[in-house]
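Below is one structure, written out as structure tokens, with a few remarks after it.
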Amino acid sequence: MVENVIIIGSGPAGLSAAIYTAREGFSPLLIGGSISGGQLMLTTKVENMPGFPDGIDGPELIALMRKQAEKFGTRFVNEDVTDIELSSKPLKVKTADKEYETNTIIVATGANAKTLGIPSEQKFFGHGVSTCGTCDGPFFKNKNVIVVGGGDTAMEDSLFLTRFCTSVTIVHRRDKFKASKIMQDKVMANPKIKVIWNSEVVEIIGSDRVSGIRIKDQSGKISEMPIDGVFVAVGHSPNNKFLQGKLKLDELGYAVTHDEVLTDVEGVYVAGDNVDRYYRQAGTASSSGIKAALHVREYLQKMQ
Ligand code: NDP
């Protein structure tokens, strides 16, 4: 059997693509990974998703999208895709146990925020530790927070956080930022932002919420700093390893597309955070999945 469309990934991009292609009657097969749902499964309250004026928990939002996709006939497989074969038609998608044939593929495997890798970071995730300033900044009104990192995301998050927080302290492991000069200049000119150079966060402390951090400076000296929130902005990794050698990827591993979701291979589309190094929102991932679904419709209609 040759599928009409296989969607790889079960975050908002994949599920939105599933809702659209299923409703069009294409009976999509969604291969959602052994851990399904994407980054929203690690999120507590989402307050900026249009349509949810009281906010919604990330896992609940995913469950609703999944229900909507199922209602129109999406079939789900909870397995990890290990390989895809794009050099001949039908296209092939492989998991550990099975090989599927399909006319079109939407790759929506997302990205993961990189973390510091210290145990206390996981413990306080959603309880004072965040990897998304845009998502969680408004929860830290009149609080003192730190941002870890020295790239454009750290600069942008810090500037955004000054709109809510009493103080923002950037903790960076080197003596200069990696970020673009224009962003650095904005940060350095903002009186609410302080920088601690050449230092690493070695522990996050608190009981049920973050109350402070332990920082190690260049000399190895460890000191404690009271703080209400920790924003980790040390980069993202797109989940595109299995696309290496199959589709064009940029130097950071993001898929290279044209018109947002089109790849160099006809019938193959990439949507969501694995193509987007800038916006990284549930709503933008969803929108990108919908665009890919509309291209699938056009492609399949031409085939008929
Ligand atoms: P980057 O990879 O550019 O920067 C990551 C930063 O985190 C670096 O300063 C790095 O330190 C630091 N870092 C990495 N690992 C650790 C660690 N374990 N502990 C402490 N610090 C660590 O990621 P960004 O997310 O900032 O940016 C990704 C891309 O998106 C870039 O191309 C950026 O330009 C773009 N972007 C552009 C924006 C804009 O134009 N407004 C906004 C946001 C992103 P070190 O410097 O030592 O390597």
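Within each chain, counting starts at residue 1; across the structure tokens, chains are named A, B, ... in the order shown, with ligands numbered 1 upward in that order.
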Which residues are near A:Arg173? Cut-off 7 Å, only C-alpha atoms, ignore same chain within fewer than 6 positions. Put them as a list in words. Trp197, Asn198, Ser199 and Glu200 of chain A
Next, write the just-selected residues to a file, as a PDB file, in the first residue's frame, keeping all heavy atoms as the atom set.
```
ATOM      1  N   TRP A 197      30.205  38.095  33.560  1.00  0.00           N
ATOM      2  CA  TRP A 197      31.048  37.461  32.546  1.00  0.00           C
ATOM      3  C   TRP A 197      31.802  36.273  33.130  1.00  0.00           C
ATOM      4  O   TRP A 197      31.958  36.161  34.349  1.00  0.00           O
ATOM      5  CB  TRP A 197      32.070  38.465  32.005  1.00  0.00           C
ATOM      6  CG  TRP A 197      31.476  39.699  31.401  1.00  0.00           C
ATOM      7  CD1 TRP A 197      31.391  40.925  31.989  1.00  0.00           C
ATOM      8  CD2 TRP A 197      30.895  39.840  30.104  1.00  0.00           C
ATOM      9  NE1 TRP A 197      30.795  41.824  31.129  1.00  0.00           N
ATOM     10  CE2 TRP A 197      30.481  41.181  29.958  1.00  0.00           C
ATOM     11  CE3 TRP A 197      30.673  38.961  29.039  1.00  0.00           C
ATOM     12  CZ2 TRP A 197      29.865  41.675  28.813  1.00  0.00           C
ATOM     13  CZ3 TRP A 197      30.057  39.456  27.883  1.00  0.00           C
ATOM     14  CH2 TRP A 197      29.659  40.786  27.777  1.00  0.00           C
ATOM     15  N   ASN A 198      32.314  35.437  32.238  1.00  0.00           N
ATOM     16  CA  ASN A 198      33.228  34.337  32.596  1.00  0.00           C
ATOM     17  C   ASN A 198      32.692  33.475  33.735  1.00  0.00           C
ATOM     18  O   ASN A 198      33.455  33.072  34.624  1.00  0.00           O
ATOM     19  CB  ASN A 198      34.592  34.906  33.022  1.00  0.00           C
ATOM     20  CG  ASN A 198      35.264  35.611  31.867  1.00  0.00           C
ATOM     21  OD1 ASN A 198      35.329  35.067  30.769  1.00  0.00           O
ATOM     22  ND2 ASN A 198      35.732  36.821  32.101  1.00  0.00           N
ATOM     23  N   SER A 199      31.413  33.206  33.712  1.00  0.00           N
ATOM     24  CA  SER A 199      30.833  32.453  34.840  1.00  0.00           C
ATOM     25  C   SER A 199      29.829  31.417  34.354  1.00  0.00           C
ATOM     26  O   SER A 199      29.174  31.593  33.332  1.00  0.00           O
ATOM     27  CB  SER A 199      30.133  33.422  35.794  1.00  0.00           C
ATOM     28  OG  SER A 199      31.074  34.305  36.337  1.00  0.00           O
ATOM     29  N   GLU A 200      29.736  30.348  35.106  1.00  0.00           N
ATOM     30  CA  GLU A 200      28.813  29.262  34.768  1.00  0.00           C
ATOM     31  C   GLU A 200      27.833  29.016  35.907  1.00  0.00           C
ATOM     32  O   GLU A 200      28.250  29.065  37.081  1.00  0.00           O
ATOM     33  CB  GLU A 200      29.582  27.948  34.620  1.00  0.00           C
ATOM     34  CG  GLU A 200      30.305  27.778  33.334  1.00  0.00           C
ATOM     35  CD  GLU A 200      31.194  26.537  33.432  1.00  0.00           C
ATOM     36  OE1 GLU A 200      30.680  25.449  33.779  1.00  0.00           O
ATOM     37  OE2 GLU A 200      32.395  26.683  33.197  1.00  0.00           O
TER      38      GLU A 200
END
```
Name the residues, by chain letter and number, that sit within 8 Å of ligand 1 using only C-alpha atoms and all ligand atoms, and give them as an mmCIF file with N, CA and C atoms, in the first residue's frame.
```
data_model
loop_
_atom_site.group_PDB
_atom_site.id
_atom_site.type_symbol
_atom_site.label_atom_id
_atom_site.label_comp_id
_atom_site.auth_asym_id
_atom_site.auth_seq_id
_atom_site.Cartn_x
_atom_site.Cartn_y
_atom_site.Cartn_z
ATOM 1 N N LYS A 114 18.578 23.434 23.805
ATOM 2 C CA LYS A 114 19.735 22.877 24.515
ATOM 3 C C LYS A 114 19.646 23.321 25.968
ATOM 4 N N THR A 115 20.174 22.510 26.834
ATOM 5 C CA THR A 115 20.114 22.838 28.268
ATOM 6 C C THR A 115 21.524 22.831 28.860
ATOM 7 N N LEU A 116 21.636 23.181 30.122
ATOM 8 C CA LEU A 116 22.948 23.272 30.752
ATOM 9 C C LEU A 116 23.455 21.897 31.193
ATOM 10 N N GLY A 117 22.514 20.978 31.320
ATOM 11 C CA GLY A 117 22.903 19.616 31.690
ATOM 12 C C GLY A 117 23.183 19.446 33.180
ATOM 13 N N VAL A 148 20.873 32.727 30.794
ATOM 14 C CA VAL A 148 22.177 32.107 30.543
ATOM 15 C C VAL A 148 22.391 32.025 29.037
ATOM 16 N N GLY A 149 23.551 32.503 28.555
ATOM 17 C CA GLY A 149 23.874 32.431 27.129
ATOM 18 C C GLY A 149 24.403 33.756 26.634
ATOM 19 N N GLY A 150 25.006 33.712 25.447
ATOM 20 C CA GLY A 150 25.596 34.940 24.921
ATOM 21 C C GLY A 150 25.272 35.161 23.453
ATOM 22 N N GLY A 151 24.280 34.420 22.934
ATOM 23 C CA GLY A 151 23.897 34.563 21.526
ATOM 24 C C GLY A 151 22.723 35.523 21.361
ATOM 25 N N ASP A 152 22.217 35.609 20.141
ATOM 26 C CA ASP A 152 21.102 36.533 19.871
ATOM 27 C C ASP A 152 19.853 36.194 20.679
ATOM 28 N N THR A 153 19.611 34.899 20.910
ATOM 29 C CA THR A 153 18.429 34.525 21.687
ATOM 30 C C THR A 153 18.542 35.069 23.112
ATOM 31 N N ALA A 154 19.726 34.938 23.700
ATOM 32 C CA ALA A 154 19.928 35.439 25.069
ATOM 33 C C ALA A 154 19.710 36.952 25.112
ATOM 34 N N MET A 155 20.206 37.643 24.073
ATOM 35 C CA MET A 155 20.028 39.108 24.037
ATOM 36 C C MET A 155 18.543 39.444 23.907
ATOM 37 N N GLU A 156 17.885 38.752 22.962
ATOM 38 C CA GLU A 156 16.482 39.063 22.695
ATOM 39 C C GLU A 156 15.607 38.739 23.906
ATOM 40 N N HIS A 172 27.178 34.754 31.395
ATOM 41 C CA HIS A 172 27.800 34.209 30.184
ATOM 42 C C HIS A 172 29.139 33.568 30.515
ATOM 43 N N ARG A 173 29.434 32.464 29.832
ATOM 44 C CA ARG A 173 30.632 31.692 30.191
ATOM 45 C C ARG A 173 31.938 32.298 29.667
ATOM 46 N N ARG A 174 31.836 33.261 28.744
ATOM 47 C CA ARG A 174 33.059 33.877 28.206
ATOM 48 C C ARG A 174 33.094 35.369 28.536
ATOM 49 N N LYS A 176 33.107 37.695 26.122
ATOM 50 C CA LYS A 176 32.409 38.467 25.095
ATOM 51 C C LYS A 176 31.212 37.672 24.569
ATOM 52 N N PHE A 177 30.226 38.422 24.070
ATOM 53 C CA PHE A 177 29.024 37.780 23.533
ATOM 54 C C PHE A 177 29.263 37.304 22.108
ATOM 55 N N LYS A 178 28.465 36.296 21.723
ATOM 56 C CA LYS A 178 28.493 35.791 20.354
ATOM 57 C C LYS A 178 27.463 36.557 19.497
ATOM 58 N N ALA A 179 26.537 37.213 20.172
ATOM 59 C CA ALA A 179 25.392 37.855 19.497
ATOM 60 C C ALA A 179 25.822 38.964 18.540
ATOM 61 N N SER A 180 24.921 39.348 17.624
ATOM 62 C CA SER A 180 25.191 40.439 16.683
ATOM 63 C C SER A 180 25.405 41.745 17.460
ATOM 64 N N MET A 183 22.362 43.791 18.675
ATOM 65 C CA MET A 183 21.662 43.249 19.846
ATOM 66 C C MET A 183 22.477 43.495 21.114
ATOM 67 N N GLU A 200 29.736 30.348 35.106
ATOM 68 C CA GLU A 200 28.813 29.262 34.768
ATOM 69 C C GLU A 200 27.833 29.016 35.907
ATOM 70 N N VAL A 201 26.599 28.712 35.560
ATOM 71 C CA VAL A 201 25.635 28.296 36.584
ATOM 72 C C VAL A 201 25.906 26.824 36.860
ATOM 73 N N ALA A 233 19.189 30.096 27.535
ATOM 74 C CA ALA A 233 19.136 30.487 26.111
ATOM 75 C C ALA A 233 20.465 30.126 25.461
ATOM 76 N N VAL A 234 20.753 28.814 25.436
ATOM 77 C CA VAL A 234 22.055 28.373 24.938
ATOM 78 C C VAL A 234 21.923 27.645 23.589
ATOM 79 N N GLY A 235 20.888 27.947 22.843
ATOM 80 C CA GLY A 235 20.730 27.390 21.498
ATOM 81 C C GLY A 235 19.706 26.271 21.419
ATOM 82 N N HIS A 236 19.427 25.855 20.196
ATOM 83 C CA HIS A 236 18.469 24.768 19.930
ATOM 84 C C HIS A 236 19.108 23.756 18.979
ATOM 85 N N ARG A 277 14.605 28.815 12.765
ATOM 86 C CA ARG A 277 15.533 29.105 13.859
ATOM 87 C C ARG A 277 15.163 30.403 14.559
ATOM 88 N N TYR A 278 14.089 31.022 14.139
ATOM 89 C CA TYR A 278 13.792 32.348 14.676
ATOM 90 C C TYR A 278 12.505 32.420 15.514
#
```
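Of the residues under consideration (A:Lys45, A:Gly267, A:Phe139, A:Arg280), A:Gly267 shows the shortest atom-to-atom contact distance to A:Lys302 when counting only C-alpha atoms.
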List the spatial neighbours of A:Phe231 as number ranges by chain - criterion: any atom at most 7 Å away, only C-alpha atoms, same-chain residues fewer than 3 positions off excluded. A: 129-133, 146-148
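As for atom CA of A:Lys92 and atom CA of A:Phe26, they are spaced 17.5 Å apart.
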Contact residues around stretch 49-62 of chain A with only C-alpha atoms at 7 Å, ignoring same-chain residues under 4 positions, as a list in words: Pro12, Gly37, Leu40, Met41, Thr43, Thr44, Lys45, Arg66 and Gly283 of chain A
Name the residues in contact with A:Ile19 at a cut-off of 9 Å, using only C-alpha atoms, excluding same-chain residues fewer than 5 positions from it; report them as a PyMOL selection string. chain A and resi 14+24+28+65-66+68-74+290+293
Just want the 8 Å neighbourhood of A:Ile204, counted on only C-alpha atoms, with same-chain residues fewer than 4 positions away dropped. Output as a ChimeraX atom specification. /A:120-121,124,210-214
Grab the residues selected above and save them as a tab-separated table (two decimals), in the first residue's frame with all heavy atoms.
```tsv
chain	number	residue	atom	x	y	z
A	120	SER	N	19.62	19.89	38.62
A	120	SER	CA	18.60	20.76	39.21
A	120	SER	C	17.78	21.52	38.14
A	120	SER	O	16.67	21.97	38.40
A	120	SER	CB	19.26	21.75	40.14
A	120	SER	OG	20.46	22.23	39.60
A	121	GLU	N	18.33	21.60	36.94
A	121	GLU	CA	17.64	22.29	35.85
A	121	GLU	C	16.35	21.56	35.48
A	121	GLU	O	15.29	22.16	35.32
A	121	GLU	CB	18.62	22.29	34.67
A	121	GLU	CG	18.24	23.02	33.45
A	121	GLU	CD	19.35	22.85	32.42
A	121	GLU	OE1	19.99	21.78	32.36
A	121	GLU	OE2	19.58	23.80	31.68
A	124	PHE	N	13.49	21.87	38.19
A	124	PHE	CA	12.73	23.12	38.27
A	124	PHE	C	12.15	23.57	36.93
A	124	PHE	O	11.66	24.68	36.81
A	124	PHE	CB	13.62	24.23	38.85
A	124	PHE	CG	13.95	24.01	40.30
A	124	PHE	CD1	15.25	23.77	40.70
A	124	PHE	CD2	12.95	24.06	41.27
A	124	PHE	CE1	15.55	23.57	42.03
A	124	PHE	CE2	13.24	23.85	42.60
A	124	PHE	CZ	14.55	23.61	42.99
A	210	VAL	N	12.29	27.83	42.00
A	210	VAL	CA	13.65	28.37	42.02
A	210	VAL	C	13.73	29.53	43.01
A	210	VAL	O	12.88	30.42	43.01
A	210	VAL	CB	14.02	28.90	40.61
A	210	VAL	CG1	15.34	29.67	40.66
A	210	VAL	CG2	14.09	27.77	39.60
A	211	SER	N	14.77	29.50	43.86
A	211	SER	CA	14.98	30.65	44.74
A	211	SER	C	16.40	31.22	44.59
A	211	SER	O	16.70	32.27	45.13
A	211	SER	CB	14.71	30.28	46.20
A	211	SER	OG	15.63	29.29	46.60
A	212	GLY	N	17.26	30.50	43.87
A	212	GLY	CA	18.61	31.02	43.69
A	212	GLY	C	19.44	30.13	42.79
A	212	GLY	O	18.98	29.08	42.31
A	213	ILE	N	20.70	30.57	42.58
A	213	ILE	CA	21.63	29.75	41.78
A	213	ILE	C	23.00	29.76	42.47
A	213	ILE	O	23.30	30.65	43.26
A	213	ILE	CB	21.81	30.30	40.35
A	213	ILE	CG1	22.09	31.81	40.37
A	213	ILE	CG2	20.63	29.96	39.48
A	213	ILE	CD1	22.56	32.35	39.04
A	214	ARG	N	23.80	28.76	42.11
A	214	ARG	CA	25.22	28.78	42.49
A	214	ARG	C	26.01	29.01	41.21
A	214	ARG	O	25.80	28.33	40.20
A	214	ARG	CB	25.63	27.45	43.13
A	214	ARG	CG	25.05	27.31	44.50
A	214	ARG	CD	25.81	26.35	45.42
A	214	ARG	NE	25.15	26.39	46.73
A	214	ARG	CZ	24.17	25.55	47.08
A	214	ARG	NH1	23.77	24.60	46.27
A	214	ARG	NH2	23.60	25.68	48.27
```
Which of these, A:Val270, A:Ile6, A:Ser27, A:Ser158, has the shortest distance to A:Glu99 once you count only C-alpha atoms? A:Ile6
Nearest to A:Ala18 by atom-to-atom distance, counting only C-alpha atoms, from A:Val296, A:Met225, A:Leu161, A:Val2: A:Val296
